[in-house]
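> Supplied in structure tokens, the structure appears directly below.
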Amino acid sequence: MQVLGCAIALAVVVRVVARADAAATAHAIRSPGPLVLSALLPFAAGMTLDAGGMVVLLRALGHRTSLAEMLPLRFASEALHLTLPAGFVASDTATAVLLGRRCGVPLRDGVVASIARKWLVMRAHGAYIAVGAGVGFAALTELARALHTAALPWTVLASALVPLALSFAVGAGLLGRSTFSRIHAALRCIPSLRLRRWLDSRRHEAVASDGQAARLRGAGGATWTATAAFLACWCFEALESALLLHLVGAHVGLASVFAFEAGLSMVRSVAVFAPAGLGVVDLGYATVLRALGVEPGAVAAFVLLRRAKEAVWVAFGYAVLTALRAGSRSSNAAPLPSSSPLTDAECA
């Protein structure tokens, strides 16, 4: 089903590009010359801000992780996020594991930090949509007339409530009081003697995780600083689109870019079945940009450059992931002894 979904999404991208004149598309891609490489910079800046937010959270948990240590991990995990359906699951898991292997952060704290990141990223996403819809409300109104959807501005603005509600649910549910201890107790009800023995040997981990979650909840300064970093990371997505449009010769105001990016960011988050919203988001860009009067050749060039930029960073991220795994295998650190009859890998 995943392969079929990706094939359909790719066919949508091809259809979007095929509607434009090939010569006009090629001219729009070639027109910026070497400046086209500047399209890589906003993503790098956004990842640096995202990694900085994670560093703030980890330091609130008592770890001295540096930005230089965290940034390669974020590039590696983001490659998983961009290439896998529902990639955030693999991305968050990889982050927690790599933090343990590369930075000495216990797995329980890596899990707490990853959950906290999801909590705050969704909070920042809600703020980003609200700000984008507010700043570009006039542009959304004009776009609504062109698309014959009068409710578009208010729909985009109201969609900010979705990530805010999910953020509240994650904060209250997964980072609530005694959450990990309750999960531990629920798992012990499974009729498996080996599993129960393993859980009994790890009960202190559940208690420690609850303690770290409580510590993070009490660090209001750190969580709001991290939220600001994640919000700035979201804003760089809009700046990236504005830069790409400028490079292909399309003249769209920054307020309009923030407005349609706010709406499409929600679409990208919902379309988890396709890697990076492949197909769905591209069709959204094509529809919106044509309604704003952008030439079809420039639209196709924008879509192609955007996906090419992602491909470059995905290749870089997987190269970093390979290097990190190779470094972990060559480490001289001995594995921790375990008296449990069920290994951590078997339980996972």
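By order in the structure tokens, chains are A, B, ...; within a chain, residues start at 1; ligands start at 1, following the order shown.
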Any idea what's packed within 8 Å of Ala298 of chain A, counting only C-alpha atoms, ignoring anything in its chain fewer than 4 positions away? Could you give it as a PDB file with C-alpha atoms, in the first residue's frame?


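The result, stored in out.pdb:
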```pdb
ATOM      1  CA  ALA A  24       9.579  27.572 -19.980  1.00  0.00           C
ATOM      2  CA  THR A  25      10.214  25.239 -17.040  1.00  0.00           C
ATOM      3  CA  ALA A  28      12.959  29.132 -15.035  1.00  0.00           C
ATOM      4  CA  LEU A 245       9.713  31.586  -6.012  1.00  0.00           C
ATOM      5  CA  VAL A 248      12.268  30.956 -10.661  1.00  0.00           C
ATOM      6  CA  GLY A 249      11.092  34.491 -11.449  1.00  0.00           C
ATOM      7  CA  ALA A 250       7.702  34.422  -9.707  1.00  0.00           C
ATOM      8  CA  VAL A 294       2.232  32.559 -11.403  1.00  0.00           C
ATOM      9  CA  PHE A 302       9.273  25.721  -8.179  1.00  0.00           C
TER      10      PHE A 302
END
```

> Using only C-alpha atoms, which of A:Val13, A:Ala300, A:Ala308, A:Met266 sits nearest Leu161 of chain A?

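Of A:Val13, A:Ala300, A:Ala308, A:Met266, the one nearest Leu161 of chain A is A:Met266, counting only C-alpha atoms.
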
> Which residues, written as a ChimeraX atom specification, have at least one atom at most 8 Å from segment 273-282 of chain A, with only C-alpha atoms counted and residues fewer than 5 positions away on the same chain left out?

/A:2,5-6,8-13,16,81-87,264,267-268,303

> Got time to write the residues from that selection, N, CA and C atoms, as a PDB file, in the first residue's frame?


```pdb
ATOM      1  N   GLN A   2       1.983   1.193   0.728  1.00  0.00           N
ATOM      2  CA  GLN A   2       2.882   2.351   0.754  1.00  0.00           C
ATOM      3  C   GLN A   2       3.502   2.591  -0.618  1.00  0.00           C
ATOM      4  N   GLY A   5       0.821   4.022  -2.839  1.00  0.00           N
ATOM      5  CA  GLY A   5       0.571   5.421  -2.495  1.00  0.00           C
ATOM      6  C   GLY A   5       1.663   6.338  -3.016  1.00  0.00           C
ATOM      7  N   CYS A   6       2.912   5.904  -2.872  1.00  0.00           N
ATOM      8  CA  CYS A   6       4.031   6.718  -3.363  1.00  0.00           C
ATOM      9  C   CYS A   6       4.014   6.810  -4.885  1.00  0.00           C
ATOM     10  N   ILE A   8       1.338   6.713  -6.825  1.00  0.00           N
ATOM     11  CA  ILE A   8       0.277   7.656  -7.184  1.00  0.00           C
ATOM     12  C   ILE A   8       0.726   9.084  -6.925  1.00  0.00           C
ATOM     13  N   ALA A   9       1.392   9.309  -5.766  1.00  0.00           N
ATOM     14  CA  ALA A   9       1.872  10.648  -5.436  1.00  0.00           C
ATOM     15  C   ALA A   9       2.886  11.138  -6.465  1.00  0.00           C
ATOM     16  N   LEU A  10       3.782  10.238  -6.887  1.00  0.00           N
ATOM     17  CA  LEU A  10       4.775  10.606  -7.896  1.00  0.00           C
ATOM     18  C   LEU A  10       4.108  10.930  -9.225  1.00  0.00           C
ATOM     19  N   ALA A  11       3.052  10.181  -9.550  1.00  0.00           N
ATOM     20  CA  ALA A  11       2.314  10.448 -10.788  1.00  0.00           C
ATOM     21  C   ALA A  11       1.660  11.827 -10.743  1.00  0.00           C
ATOM     22  N   VAL A  12       1.195  12.236  -9.566  1.00  0.00           N
ATOM     23  CA  VAL A  12       0.611  13.572  -9.417  1.00  0.00           C
ATOM     24  C   VAL A  12       1.660  14.642  -9.678  1.00  0.00           C
ATOM     25  N   VAL A  13       2.874  14.444  -9.126  1.00  0.00           N
ATOM     26  CA  VAL A  13       3.958  15.408  -9.351  1.00  0.00           C
ATOM     27  C   VAL A  13       4.285  15.503 -10.838  1.00  0.00           C
ATOM     28  N   VAL A  16       1.652  17.480 -12.584  1.00  0.00           N
ATOM     29  CA  VAL A  16       1.780  18.913 -12.307  1.00  0.00           C
ATOM     30  C   VAL A  16       2.848  19.535 -13.195  1.00  0.00           C
ATOM     31  N   HIS A  81      12.393  11.186   8.389  1.00  0.00           N
ATOM     32  CA  HIS A  81      11.093  11.862   8.415  1.00  0.00           C
ATOM     33  C   HIS A  81      10.609  12.179   7.006  1.00  0.00           C
ATOM     34  N   LEU A  82      11.518  12.605   6.135  1.00  0.00           N
ATOM     35  CA  LEU A  82      11.133  13.043   4.792  1.00  0.00           C
ATOM     36  C   LEU A  82      10.896  11.895   3.825  1.00  0.00           C
ATOM     37  N   THR A  83      11.437  10.717   4.098  1.00  0.00           N
ATOM     38  CA  THR A  83      11.393   9.638   3.111  1.00  0.00           C
ATOM     39  C   THR A  83      10.468   8.487   3.478  1.00  0.00           C
ATOM     40  N   LEU A  84       9.957   8.450   4.702  1.00  0.00           N
ATOM     41  CA  LEU A  84       9.102   7.344   5.113  1.00  0.00           C
ATOM     42  C   LEU A  84       7.681   7.831   5.354  1.00  0.00           C
ATOM     43  N   PRO A  85       6.675   7.036   4.972  1.00  0.00           N
ATOM     44  CA  PRO A  85       5.314   7.376   5.369  1.00  0.00           C
ATOM     45  C   PRO A  85       5.206   7.394   6.899  1.00  0.00           C
ATOM     46  N   ALA A  86       4.505   8.403   7.443  1.00  0.00           N
ATOM     47  CA  ALA A  86       4.463   8.598   8.897  1.00  0.00           C
ATOM     48  C   ALA A  86       5.877   8.618   9.461  1.00  0.00           C
ATOM     49  N   GLY A  87       6.748   9.344   8.768  1.00  0.00           N
ATOM     50  CA  GLY A  87       8.175   9.327   9.093  1.00  0.00           C
ATOM     51  C   GLY A  87       8.526   9.884  10.446  1.00  0.00           C
ATOM     52  N   LEU A 264      -0.895  25.002   3.756  1.00  0.00           N
ATOM     53  CA  LEU A 264      -0.298  23.792   3.213  1.00  0.00           C
ATOM     54  C   LEU A 264       0.517  23.022   4.241  1.00  0.00           C
ATOM     55  N   VAL A 267      -1.837  20.617   5.612  1.00  0.00           N
ATOM     56  CA  VAL A 267      -2.059  19.525   4.658  1.00  0.00           C
ATOM     57  C   VAL A 267      -0.897  18.534   4.704  1.00  0.00           C
ATOM     58  N   ARG A 268       0.329  19.064   4.762  1.00  0.00           N
ATOM     59  CA  ARG A 268       1.515  18.206   4.816  1.00  0.00           C
ATOM     60  C   ARG A 268       1.514  17.343   6.070  1.00  0.00           C
ATOM     61  N   VAL A 303       8.179  23.551  -8.086  1.00  0.00           N
ATOM     62  CA  VAL A 303       7.940  22.204  -7.545  1.00  0.00           C
ATOM     63  C   VAL A 303       9.182  21.332  -7.700  1.00  0.00           C
TER      64      VAL A 303
END
```

> Please provide as a PyMOL selection string all residues within 12 Å of Ala116 of chain A, with the sequence filter that same-chain residues fewer than 2 positions apart are discarded (counting only C-alpha atoms).

chain A and resi 53-58+60-61+92+96+109-114+118-123+167-176+212-217+219+222-224+226-227+230

> Restricting the calculation to only C-alpha atoms, which member of A:Val135, A:Leu80, A:Ile183, A:Ala206 is positioned closest to Phe316 of chain A?

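Smallest separation from Phe316 of chain A among the options: A:Leu80.
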
> Give me the residues within 10 Å of Ala45 of chain A as a PDB file with N, CA and C atoms, in the first residue's frame, counting only C-alpha atoms and dropping any in the same chain fewer than 4 places off.


```pdb
ATOM      1  N   LEU A  40      19.431  25.821  -0.717  1.00  0.00           N
ATOM      2  CA  LEU A  40      19.760  24.848   0.328  1.00  0.00           C
ATOM      3  C   LEU A  40      19.886  25.495   1.704  1.00  0.00           C
ATOM      4  N   LEU A  41      20.065  26.803   1.749  1.00  0.00           N
ATOM      5  CA  LEU A  41      20.392  27.464   3.011  1.00  0.00           C
ATOM      6  C   LEU A  41      19.241  27.525   4.021  1.00  0.00           C
ATOM      7  N   LEU A  49      18.090  25.645  14.056  1.00  0.00           N
ATOM      8  CA  LEU A  49      17.169  26.127  15.086  1.00  0.00           C
ATOM      9  C   LEU A  49      16.470  24.965  15.782  1.00  0.00           C
ATOM     10  N   ASP A  50      16.056  23.966  15.000  1.00  0.00           N
ATOM     11  CA  ASP A  50      15.392  22.794  15.573  1.00  0.00           C
ATOM     12  C   ASP A  50      16.335  22.071  16.528  1.00  0.00           C
ATOM     13  N   ALA A  51      17.585  21.868  16.093  1.00  0.00           N
ATOM     14  CA  ALA A  51      18.573  21.216  16.954  1.00  0.00           C
ATOM     15  C   ALA A  51      18.823  22.035  18.214  1.00  0.00           C
ATOM     16  N   ALA A 232      10.520  29.528  14.928  1.00  0.00           N
ATOM     17  CA  ALA A 232      11.424  30.114  13.937  1.00  0.00           C
ATOM     18  C   ALA A 232      11.747  29.105  12.834  1.00  0.00           C
ATOM     19  N   CYS A 233      11.870  27.836  13.206  1.00  0.00           N
ATOM     20  CA  CYS A 233      12.121  26.781  12.216  1.00  0.00           C
ATOM     21  C   CYS A 233      10.958  26.690  11.232  1.00  0.00           C
ATOM     22  N   PHE A 236      11.069  29.446   8.690  1.00  0.00           N
ATOM     23  CA  PHE A 236      12.054  29.278   7.624  1.00  0.00           C
ATOM     24  C   PHE A 236      11.488  28.467   6.461  1.00  0.00           C
ATOM     25  N   GLU A 237      10.442  27.668   6.699  1.00  0.00           N
ATOM     26  CA  GLU A 237       9.799  26.975   5.585  1.00  0.00           C
ATOM     27  C   GLU A 237       9.156  27.980   4.634  1.00  0.00           C
TER      28      GLU A 237
END
```

> Write down as a PyMOL selection string the residues belonging to segment 10-105 of chain A that are assigned alpha helix (DSSP H) by DSSP computed on the backbone.

chain A and resi 10-18+22-30+41-60+67-83+87-103

> Nearest to Leu247 of chain A among A:Ser66, A:Ala301, A:Arg194, A:Ser181, with distances taken over only C-alpha atoms: which residue is it?

A:Ala301
